[in-house]
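A quick write-up on the structure given underneath.
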Amino acid sequence: MKQFLITGGAGFIGSNFIRYMLDKHSDIKIINLDKLTYAGNLENLKDVESDSRYRFVKGDICDGSLVDSLVQESDVVVNFAAESHVDRSIGKPDDFIQTDIFGTFQLLEASRKHGVDRFIQISTDEVYGSIDKGLFEETDPLMPSSPYSASKTGADRLVYSYYVTYDLPILITRASNNYGPYQYPEKLISLFVTNAIEGKPLPIYGDGLNVRDWLYVADHCSAIDFVLDNGKIGEVYNVGGGNEKTNLEITDLILKTLNKPDTLKTFIKDREGHDRRYALSIQKIKELGWQPEYIFEDAIIETITWYQENREWWEKLKNGEYLDYYKSHYNQDL
Ligand code: NAD
Ligand code: TYD
């Protein structure tokens, strides 16, 4: 039995990953360490709660003694825990620096002290910054441009330094924008789908021509699992879906699928430091033997249907402080 410590497992990707791993592997046990910030939600994991291989611990990855005791009993650490939303990082970067960098440091320190078989850092394509043409490769310079991506870059390189300096068996994945079930309704697809269902405006920043590469969350989960088994220690692997779309293309697709009027499209001021385009080469992980399985056109419909069928999951999340912040920052109701 391999013991996994998965941090941030109550969030969007972490909860999908826990479900994926419990379904796929019978010989693993999982501890999910999550602080349950606004983005952490135990409802994401209701169906695995009673699985004897799964245990939830409420706590902070910045808490050194808690992290130490959990890493001590673990073979593999998978670090998803982070503050993850660019707009929030523009409004208040504090928690990003604390969790994304200092929290990762605490996990690394405990992993070095106790020795683990693998430490995998869930990094992001945003560490590269924006690219007008072509694709980023793993060896390209890192030029993050938001407090979110800068804090993730700090963590990414700190993890690497523990390999070079202390021989910690680390791996790093840098994935593109994920979409799928259980995504907090603040990111482009989850926000726009839920707003459209409610007949509310879809607030498009700037000219709407910024480009993101979209990766279905189940493909991200299979890539992490694959890298854990096959990745070379100390290496970074890009994980992309090969689906570059402008924000306007995504918006049009959502409106068309839900049969909602074009008048919901609302152009508002641009995000500060808004990266124009993210695009990744996935040649390296392809050569190792992984590639995405899901077709964007099908998986996006499945995703939209999931939000239609799980209204009670997201309705209660769309309230509170962030809506006030968004309104004062963008002069727009969500
Ligand atoms: P999310 O915001 O949905 O979830 C983050 C989780 O981390 C939440 O459950 C939250 O409670 C927990 N958390 C936050 N601070 C914590 C702390 N101090 N201690 C313990 N738990 C804490 O994020 P997500 O979209 O699922 O992203 C997960 C990871 O994947 C992040 O590291 C993110 O940078 C990375 N990533 C995300 C994307 C994407 O498109 N969403 C793409 C590439 C990489
Ligand atoms: P987001 O989902 O926040 O991810 P990223 O980390 O890539 O910024 O945003 C994806 C794109 O959608 C990005 O170009 C910003 C844009 N966007 C809007 O136009 N309006 C919105 O309300 C949001 C949340 C995002």
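So you can find residues: chains in the structure tokens are A, B, ... in the order shown, residues in each start at 1, and ligands are numbered from 1 in order.
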Review point. How would you write, as a ChimeraX atom specification, the set of residues no farther than 9 Å from ligand 2 when counting only C-alpha atoms and all ligand atoms?
Key: /A:84-87,125-126,148-149,176-179,185-192,202-213,246-248,250,267-268,270-271,274-278,326,334
Practice item. Would you mind listing what lies within 8 Å of Glu235 of chain A as a list in words, with only C-alpha atoms counted and same-chain residues fewer than 2 positions away left out? Key: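 Here the qualifying residues turn out to be Ile170, Leu171, Ile172, Gly231, Lys232, Ile233 and Tyr237 of chain A.
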Study note, to complete from the structure: If you count only C-alpha atoms and all ligand atoms, the residue of A:Ile122, A:Val71, A:Ile97, A:Ile28 closest to ligand 1 turns out to be A:Ile122
Review point. Which polymer residues have any atom within 10 Å of an atom of Thr173 of chain A, counting only C-alpha atoms, with same-chain residues fewer than 5 positions away left out, as a PyMOL selection string?
Key: chain A and resi 120-125+138+156+220+223-224+227-228+231+235-239+285
Exercise for review: Would you list the residues that come within 7 Å of ligand 1? Count only C-alpha atoms and all ligand atoms and give the answer as a ChimeraX atom specification.
Suggested key: /A:7-14,33-41,59-62,79-85,99,103,122-125,152,174-179,183-184
Point to revise | Near-Thr153 of chain A list (8 Å; only C-alpha atoms; drop same-chain fewer than 2 positions) as a VMD selection string | key: chain A and resid 123 127 142 144 149 to 151 155 to 157
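Closest approach to Tyr330 of chain A among A:Pro201, A:Lys269, A:Lys316, A:Lys256 is made by A:Lys269 (distances from only C-alpha atoms).
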Check your understanding: atom CA of Gln3 of chain A and atom CA of Asp75 of chain A are how many Å apart?
Key -> 5.3 Å
Practice item. Taking the chain letters and numbering used in this document, name the residues of segment 70-217 of chain A that DSSP puts in strand (DSSP E), as a PyMOL selection string. Key: chain A and resi 76-79+118-124+170-175+177-179+202-205+211-216
Once you have the residues from the selection above, write them out as a compact mmCIF listing (two decimals), in the first residue's frame, restricted to C-alpha atoms.
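The file below, result_37.txt, is the result:
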```txt
# COMPACT_ATOMS: atom_id res chain seq x y z
CA VAL A 76 4.29 10.31 -2.14
CA VAL A 77 3.45 14.02 -1.81
CA VAL A 78 1.25 15.67 -4.45
CA ASN A 79 1.07 19.41 -3.90
CA ARG A 118 8.22 11.15 -4.90
CA PHE A 119 7.30 14.82 -4.45
CA ILE A 120 5.25 16.19 -7.32
CA GLN A 121 4.55 19.90 -7.64
CA ILE A 122 1.44 20.89 -9.58
CA SER A 123 2.73 23.96 -11.32
CA THR A 124 1.16 25.90 -14.18
CA ILE A 170 10.90 15.70 -7.28
CA LEU A 171 8.80 16.06 -10.42
CA ILE A 172 7.03 19.15 -11.72
CA THR A 173 4.04 19.40 -14.06
CA ARG A 174 3.04 22.65 -15.75
CA ALA A 175 -0.50 22.37 -17.01
CA ASN A 177 -6.09 26.00 -18.15
CA ASN A 178 -8.28 23.21 -16.79
CA TYR A 179 -12.04 22.88 -17.18
CA LEU A 202 -20.76 37.31 -19.10
CA PRO A 203 -18.05 39.89 -18.26
CA ILE A 204 -15.37 39.73 -20.98
CA TYR A 205 -12.11 41.52 -20.16
CA VAL A 211 -5.96 32.94 -25.88
CA ARG A 212 -5.79 30.02 -23.46
CA ASP A 213 -5.06 26.34 -24.10
CA TRP A 214 -7.84 24.26 -22.54
CA LEU A 215 -7.20 20.93 -20.82
CA TYR A 216 -9.99 18.69 -19.53
```
Exercise for review: Work out how far atom CA of Ile301 of chain A is from atom CA of Lys260 of chain A, in Å to one decimal.
Suggested key: 14.7 Å
